[in-house]
$ cat start.csv   # CSV, C-alpha atoms
chain,number,residue,atom,x,y,z
A,1,MET,CA,103.2,112.0,100.7
A,2,ALA,CA,101.7,109.4,98.4
A,3,VAL,CA,103.9,106.6,97.1
A,4,VAL,CA,101.5,106.0,94.1
A,5,ARG,CA,99.3,108.5,92.3
A,6,VAL,CA,95.7,108.2,93.3
A,7,THR,CA,92.4,110.0,92.8
A,8,ASP,CA,89.5,110.0,95.3
A,9,ALA,CA,87.9,107.3,93.2
A,10,ASP,CA,91.1,105.2,93.6
A,11,ILE,CA,90.9,105.7,97.4
A,12,ASP,CA,87.3,104.5,97.4
A,13,LEU,CA,88.2,101.4,95.3
A,14,LEU,CA,91.2,100.5,97.5
A,15,ALA,CA,89.1,101.0,100.6
A,16,ARG,CA,86.4,98.6,99.2
A,17,LEU,CA,89.1,96.1,98.5
A,18,LEU,CA,90.6,96.3,102.0
A,19,ARG,CA,87.2,95.7,103.6
A,20,ALA,CA,86.1,92.9,101.3
A,21,GLU,CA,89.4,91.1,101.6
A,22,ALA,CA,90.2,91.4,105.3
A,23,GLU,CA,87.5,93.2,107.4
A,24,GLY,CA,87.4,90.2,109.7
A,25,GLU,CA,91.0,90.7,110.5
A,26,GLY,CA,90.7,94.2,111.8
A,27,GLU,CA,92.5,97.4,110.9
A,28,LEU,CA,96.0,95.8,110.7
A,29,GLY,CA,94.7,93.0,108.5
A,30,MET,CA,93.2,95.5,106.1
A,31,LEU,CA,96.4,97.6,106.1
A,32,LEU,CA,98.4,94.4,105.2
A,33,VAL,CA,96.1,93.8,102.2
A,34,GLY,CA,96.7,97.4,101.2
A,35,ASN,CA,100.4,96.9,101.5
A,36,VAL,CA,100.4,93.9,99.1
A,37,GLY,CA,98.3,95.9,96.6
A,38,ILE,CA,100.6,98.9,96.7
A,39,ASN,CA,103.7,96.6,96.5
A,40,ARG,CA,102.2,95.1,93.3
A,41,MET,CA,101.9,98.5,91.7
A,42,ARG,CA,105.3,99.7,92.7
A,43,ALA,CA,107.4,96.6,92.1
A,44,ASP,CA,106.5,96.1,88.5
A,45,CYS,CA,107.7,92.5,88.4
A,46,SER,CA,106.6,88.9,88.3
A,47,ASP,CA,102.9,88.5,87.7
A,48,PHE,CA,102.5,92.2,88.4
A,49,LYS,CA,104.2,94.0,85.5
A,50,GLY,CA,102.5,97.0,84.1
A,51,LEU,CA,100.1,97.8,86.9
A,52,ARG,CA,99.9,101.6,86.6
A,53,SER,CA,96.8,102.4,88.7
A,54,VAL,CA,94.8,101.2,91.6
A,55,ASN,CA,92.2,100.1,89.1
A,56,ASP,CA,94.8,98.0,87.2
A,57,MET,CA,95.9,96.3,90.5
A,58,VAL,CA,92.4,95.6,91.9
A,59,TYR,CA,90.9,94.3,88.7
A,60,GLN,CA,93.9,92.3,87.5
A,61,ALA,CA,92.6,88.9,86.4
A,62,HIS,CA,92.5,86.4,89.2
A,63,ALA,CA,94.2,88.8,91.7
A,64,PHE,CA,91.5,89.3,94.3
A,65,GLU,CA,88.6,86.9,94.9
A,66,ALA,CA,86.7,89.7,96.6
A,67,THR,CA,86.0,91.5,93.3
A,68,THR,CA,83.7,88.6,92.4
A,69,LYS,CA,81.5,89.1,95.5
A,70,GLY,CA,78.7,91.5,96.0
A,71,TYR,CA,80.1,92.8,99.3
A,72,PHE,CA,83.0,94.3,97.4
A,73,TYR,CA,80.6,96.6,95.5
A,74,GLN,CA,79.2,98.4,98.6
A,75,ARG,CA,80.2,102.0,99.3
A,76,PRO,CA,83.3,102.3,101.4
A,77,ARG,CA,83.1,103.7,104.9
A,78,GLU,CA,85.3,106.6,106.0
A,79,SER,CA,87.3,104.3,108.3
A,80,GLU,CA,88.3,102.2,105.3
A,81,ARG,CA,89.2,105.3,103.3
A,82,ARG,CA,91.5,106.4,106.1
A,83,LEU,CA,93.2,103.0,106.0
A,84,ALA,CA,93.6,103.2,102.2
A,85,ARG,CA,95.2,106.7,102.5
A,86,ARG,CA,97.6,105.3,105.0
A,87,VAL,CA,98.9,102.6,102.7
A,88,VAL,CA,99.0,105.0,99.7
A,89,ASN,CA,101.1,107.3,101.9
A,90,GLY,CA,103.6,104.6,102.4
A,91,GLU,CA,102.8,103.0,105.8
A,92,SER,CA,103.8,99.4,105.6
A,93,PHE,CA,103.7,96.6,108.2
A,94,TRP,CA,105.3,93.2,108.6
A,95,PRO,CA,104.6,90.6,107.2
A,96,ALA,CA,103.4,92.5,104.2
A,97,LYS,CA,106.2,95.1,104.0
A,98,TYR,CA,107.7,93.4,100.8
A,99,SER,CA,105.0,90.8,100.1
A,100,LEU,CA,103.3,90.4,96.8
A,101,TRP,CA,101.1,87.5,97.7
A,102,TYR,CA,98.8,86.5,100.5
A,103,PHE,CA,96.0,84.0,100.9
A,104,ARG,CA,93.8,82.4,103.6
A,105,PRO,CA,94.4,78.7,103.7
A,106,PRO,CA,92.1,76.3,105.6
A,107,GLY,CA,95.0,75.3,107.9
A,108,ASP,CA,98.7,76.0,108.2
A,109,CYS,CA,100.5,78.3,105.8
A,110,PRO,CA,102.4,76.4,103.1
A,111,ASP,CA,106.2,77.0,103.0
A,112,THR,CA,105.9,78.6,99.6
A,113,TRP,CA,103.2,80.1,97.4
A,114,TYR,CA,103.8,80.7,93.7
A,115,ASN,CA,107.3,79.5,94.5
A,116,GLN,CA,107.9,82.3,96.9
A,117,PRO,CA,108.8,81.9,100.6
A,118,HIS,CA,106.3,82.3,103.4
A,119,VAL,CA,107.4,85.3,105.6
A,120,GLY,CA,104.6,85.4,108.2
A,121,ARG,CA,101.0,85.1,109.1
A,122,TYR,CA,98.6,87.6,110.5
A,123,LYS,CA,95.5,86.0,111.9
A,124,LEU,CA,94.1,83.8,109.1
A,125,HIS,CA,96.2,85.2,106.2
A,126,CYS,CA,99.6,83.9,105.1
A,127,PHE,CA,102.0,86.3,103.4
A,128,TYR,CA,104.7,85.6,100.8
A,129,GLU,CA,107.6,87.7,99.8
A,130,PRO,CA,109.4,87.3,96.5
A,131,THR,CA,113.0,86.4,96.4
A,132,ALA,CA,115.5,89.0,95.1
A,133,GLU,CA,115.9,86.9,92.0
A,134,GLU,CA,112.2,87.0,91.3
A,135,CYS,CA,111.7,90.7,92.1
A,136,GLU,CA,114.6,92.7,93.4
A,137,ASN,CA,112.6,95.9,92.8
A,138,VAL,CA,110.1,95.2,95.6
A,139,TYR,CA,113.0,95.8,98.1
A,140,ASN,CA,113.6,99.2,96.6
A,141,THR,CA,110.1,100.6,97.1
A,142,PHE,CA,110.4,101.8,100.7
$ encode --input "start.csv" --output "structure tokens"
Amino acid sequence: MAVVRVTDADIDLLARLLRAEAEGEGELGMLLVGNVGINRMRADCSDFKGLRSVNDMVYQAHAFEATTKGYFYQRPRESERRLARRVVNGESFWPAKYSLWYFRPPGDCPDTWYNQPHVGRYKLHCFYEPTAEECENVYNTF
């Protein structure tokens, strides 16, 4: 059962984001990116207030660098659509289970990002989870 409302076009958009942001990190890496996106939609806090659709989340200003690259605009493959459906249906994985931020630094993960603590790394991406003071609601989404 979906944890956010989506259309087939939303699944395609999310699938394109997963591939463009983390294809090199395999299926789990792409699922983690999807977890962060779904968390942003559901938590409605911090920099992510008012995101009511996959489109809002993906195209939020300065949210995902991949949306500025041509690779993002290629058609999604069925394998990426399956991954998108999994995160839309509520599958979540550590370290992105409650994360609202991730990025790929050139070296070690900083202890904080946007003043939020580092909770883990998967391959090249570092994940950051908000404190309860910053976004209590993210802990109520699953």
$ atom_distance --input "start.csv" --atom1 "CA of His118 (chain A)" --atom2 "CA of Tyr98 (chain A)"
11.5 Å
$ atom_distance --input "start.csv" --atom1 "CA of Glu78 (chain A)" --atom2 "CA of Ala43 (chain A)"
28.0 Å
$ closest_residue --input "start.csv" --among "A:Met1, A:Cys109, A:Leu124, A:Leu14" --to "Gly29 (chain A)" --atoms "all atoms listed in the file"
A:Leu124
$ residues_around --input "start.csv" --residues "Asp108 (chain A)" --least-positions-apart "4" --cutoff "12 Å" --atoms "all atoms listed in the file" --output "NGL selection string"
:A and (103-104 or 112 or 118 or 120-127)
$ atom_distance --input "start.csv" --atom1 "CA of Asp10 (chain A)" --atom2 "CA of Phe48 (chain A)"
18.1 Å
$ closest_residue --input "start.csv" --among "A:Asp111, A:Asp47, A:Glu129, A:Glu80" --to "Ala96 (chain A)" --atoms "all atoms listed in the file"
A:Glu129
$ closest_residue --input "start.csv" --among "A:Arg86, A:Asn137, A:Ser99, A:Ala132" --to "Val119 (chain A)" --atoms "all atoms listed in the file"
A:Ser99
